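Written below as structure tokens is the structure these notes are about.
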Amino acid sequence: MVDFSGVTSITCAVGRIGPTGVQLLGTAFLVNKHGLFATASHVPGPDDSGLVLSFKPLQSLNDYQDTANASVRTVLAKIMATDPFHDLAILRADIDAQASLVLSGADDAPVGSQVVSFGYPHADHGRMVLTQQNAEVGARVLIESGGIKAKHLVLNTQSRPGQSGSPIFRITDGRLVGVLIGTYAPTVGGGISLGGIDPQTLHQTTHAVSAEYLPAMLSL
Amino acid sequence: MTQALDPLLADDPTKWISELPEFQRTPLQQLLASGLSYEDVGQRWLSASAANTYRFSAARPAGQEGAFLERLRVEMRAFLCGDPRYEKERSGLFGEKSVARTYVVSAIAVAVAPHLSVASTFIAPVVALVLAGLGKVTLNAWCAGQTGGAKDQPPPTSPTSSG
């Protein structure tokens with residue numbers, strides 16, 4: 001079993017500076033080049049003005065994360081590369097650090113594989129709690145975006161806003177196999193909202209795009 | 001002043017796409033090969049969103065605004081055809097005797113992106129698609145065709161219209 005304790009030092013939240021402070025948008029993670037972070041492209045969207053990476057000191061996932069402590073360290077970030085077809089983006093920040101991930105993809109996550117994600121569920125409400133979520137790959141699917149089909153994993157778990165951009169690792173060897181992008185919803189944008197929650201999204205089906213599309217974006 | 005760009009415009013328009021980074025080039029070429037026009041492919045890039053997937057973030061694709069592609073073309077026309085707003089950036093681009101396509105695409109994207117509230121890297125492939133859609137025309141001739149009643153009409157953008 002792989003030790004994922006180091007994930008606390010490579011995972012951060014993506015936010016945007018607004019009139020009332022930093023609005024959290026999703027999750028990002030450090031990749032194998034200095035100062036570069038991967039996330040889903042819809043997290044920053046097309047605009048990188050006021051974009052920041054937010055960090056909260058956390059030695060261990062087992063530490064008690066103080067939900068009343070809203071102070072974070074923010075670092076300005078810019079979009080270095082974005083691929084809306086595959087919903088992936090690379091952000092650059094002035095941070096002297098890099099990860100040592102083994103980049104892989106959905107081909108290495110057959111149905112039944114045990115995977116784990118790390119992200120910030122409910123970040124849209126300002127909650128910044130790095131959360132581990134274990135799941136099983138329920139299916140591998142091709143999802144079309146703009147006419148381009150891309151490999152995705154269907155994870156048997158429920159995810160929430162803020163988790164987009166979370167890294168998905170294979171538990172057995174720590175390979176990065178996907179990036180969380182959202183959840184299945186048959187009528188996106190056309191449903192109803194109850195307390196800010198679309199009932200269509202309340203099910204055990206999370207979509208993650210294959211991480212195999214990342215290396216080409218990192219070769220710039 | 002425009003001599004640096006004219007040789008590139010007179011060359012094979014598909015080179016604007018083929019010289020993009022691989023992760024941009026491959027899907028764009030795939031869509032063009034399916035028969036879509038440069039304009040259609042640009043719109044696909046701007047509005048791409050995974051089918052039947054609820055995205056867990058607040059941001060929306062720029063292309064959902066519908067008129068974004070036309071706004072981009074208007075800014076590109078302003079940049080390329082002498083709008084004083086872009087004088088500084090234009091002198092940098094056209095001050096070179098010869099320039100690479102990647103440099104032209106990047107320079108235009110960097111110049112117009114702030115006016116569209118987007119990151120330059122997001123619109124760079126669409127800039128390349130618009131340039132490819134101009135076809136084999138000199139910059140002066142194209143700009144002249146954009147004045148008067150035709151000012152807001154985009155040039156033909158079909159992949160087969162370039163000759």
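If you're wondering about the labels, chains in the structure tokens are A, B, ... by order shown, residues count from 1 in each chain, ligands from 1 in order shown.
Here is the contact set of chain A against chain B, at 6 Å and counting only C-alpha atoms: Leu25, His42, Val43, Gly45, Pro46, Asp47, Asp48, Ala81, Pro84, Phe85, Glu144, Ser145, Gly146, Pro161, Gly162, Ser164, Gly182, Thr183, Tyr184, Ala185, Pro186, Val188 and Ala216 of chain A.
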> Hey, what's within 7 Å of segment 111-119 of chain A if we count only C-alpha atoms and toss same-chain stuff fewer than 2 positions away? As a VMD selection string, please?
Replying inline: chain A and resid 27 109 121 130 to 140 163 166 to 171
Which neighbours of Ser98 of chain B fall inside 9 Å, counting only C-alpha atoms, when residues of the same chain fewer than 2 positions from it are skipped, and could you give them as a tab-separated table (two decimals) with all heavy atoms, in the first residue's frame?
```tsv
chain	number	residue	atom	x	y	z
B	3	GLN	N	5.04	43.79	-43.78
B	3	GLN	CA	5.76	42.82	-44.60
B	3	GLN	C	6.05	41.53	-43.86
B	3	GLN	O	6.14	40.47	-44.47
B	3	GLN	CB	7.06	43.44	-45.11
B	3	GLN	CG	6.82	44.51	-46.18
B	3	GLN	CD	8.12	45.19	-46.58
B	3	GLN	OE1	9.09	45.16	-45.83
B	3	GLN	NE2	8.12	45.82	-47.74
B	4	ALA	N	6.20	41.63	-42.55
B	4	ALA	CA	6.54	40.43	-41.78
B	4	ALA	C	5.42	39.41	-41.80
B	4	ALA	O	5.66	38.20	-41.77
B	4	ALA	CB	6.85	40.82	-40.33
B	5	LEU	N	4.19	39.86	-41.89
B	5	LEU	CA	3.05	38.95	-41.79
B	5	LEU	C	2.60	38.43	-43.15
B	5	LEU	O	2.09	37.31	-43.24
B	5	LEU	CB	1.89	39.68	-41.09
B	5	LEU	CG	0.77	38.83	-40.51
B	5	LEU	CD1	1.32	37.72	-39.63
B	5	LEU	CD2	-0.17	39.70	-39.69
B	7	PRO	N	4.06	37.22	-45.88
B	7	PRO	CA	4.53	35.90	-46.35
B	7	PRO	C	3.84	34.74	-45.64
B	7	PRO	O	3.60	33.69	-46.24
B	7	PRO	CB	6.03	35.92	-46.04
B	7	PRO	CG	6.39	37.36	-45.96
B	7	PRO	CD	5.19	38.06	-45.41
B	94	PHE	N	5.34	43.90	-35.79
B	94	PHE	CA	5.67	44.25	-37.17
B	94	PHE	C	7.05	44.89	-37.30
B	94	PHE	O	7.49	45.19	-38.39
B	94	PHE	CB	4.61	45.18	-37.75
B	94	PHE	CG	3.26	44.51	-37.88
B	94	PHE	CD1	2.09	45.21	-37.60
B	94	PHE	CD2	3.16	43.20	-38.28
B	94	PHE	CE1	0.86	44.61	-37.72
B	94	PHE	CE2	1.93	42.59	-38.39
B	94	PHE	CZ	0.77	43.28	-38.11
B	95	GLY	N	7.71	45.10	-36.16
B	95	GLY	CA	9.04	45.65	-36.24
B	95	GLY	C	10.08	44.63	-36.66
B	95	GLY	O	11.18	44.97	-37.05
B	96	GLU	N	9.70	43.37	-36.62
B	96	GLU	CA	10.63	42.31	-37.03
B	96	GLU	C	10.55	42.09	-38.54
B	96	GLU	O	9.48	42.23	-39.14
B	96	GLU	CB	10.26	41.01	-36.31
B	96	GLU	CG	10.21	41.12	-34.80
B	96	GLU	CD	11.58	41.33	-34.19
B	96	GLU	OE1	12.56	40.87	-34.79
B	96	GLU	OE2	11.66	41.95	-33.11
B	100	ALA	N	7.98	34.03	-36.77
B	100	ALA	CA	7.42	32.68	-36.82
B	100	ALA	C	5.92	32.77	-36.53
B	100	ALA	O	5.45	33.68	-35.85
B	100	ALA	CB	8.11	31.80	-35.80
```
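The nearest approach to Arg85 of chain B among the residues B:Arg25, B:His115, B:Trp142, B:Ser18, with only C-alpha atoms taken into account, belongs to B:His115.
Of the listed residues A:Ile17, A:Val129, A:Leu53, A:Val209, the one whose atoms come nearest to Ala93 of chain A is A:Leu53, with distances taken using only C-alpha atoms.
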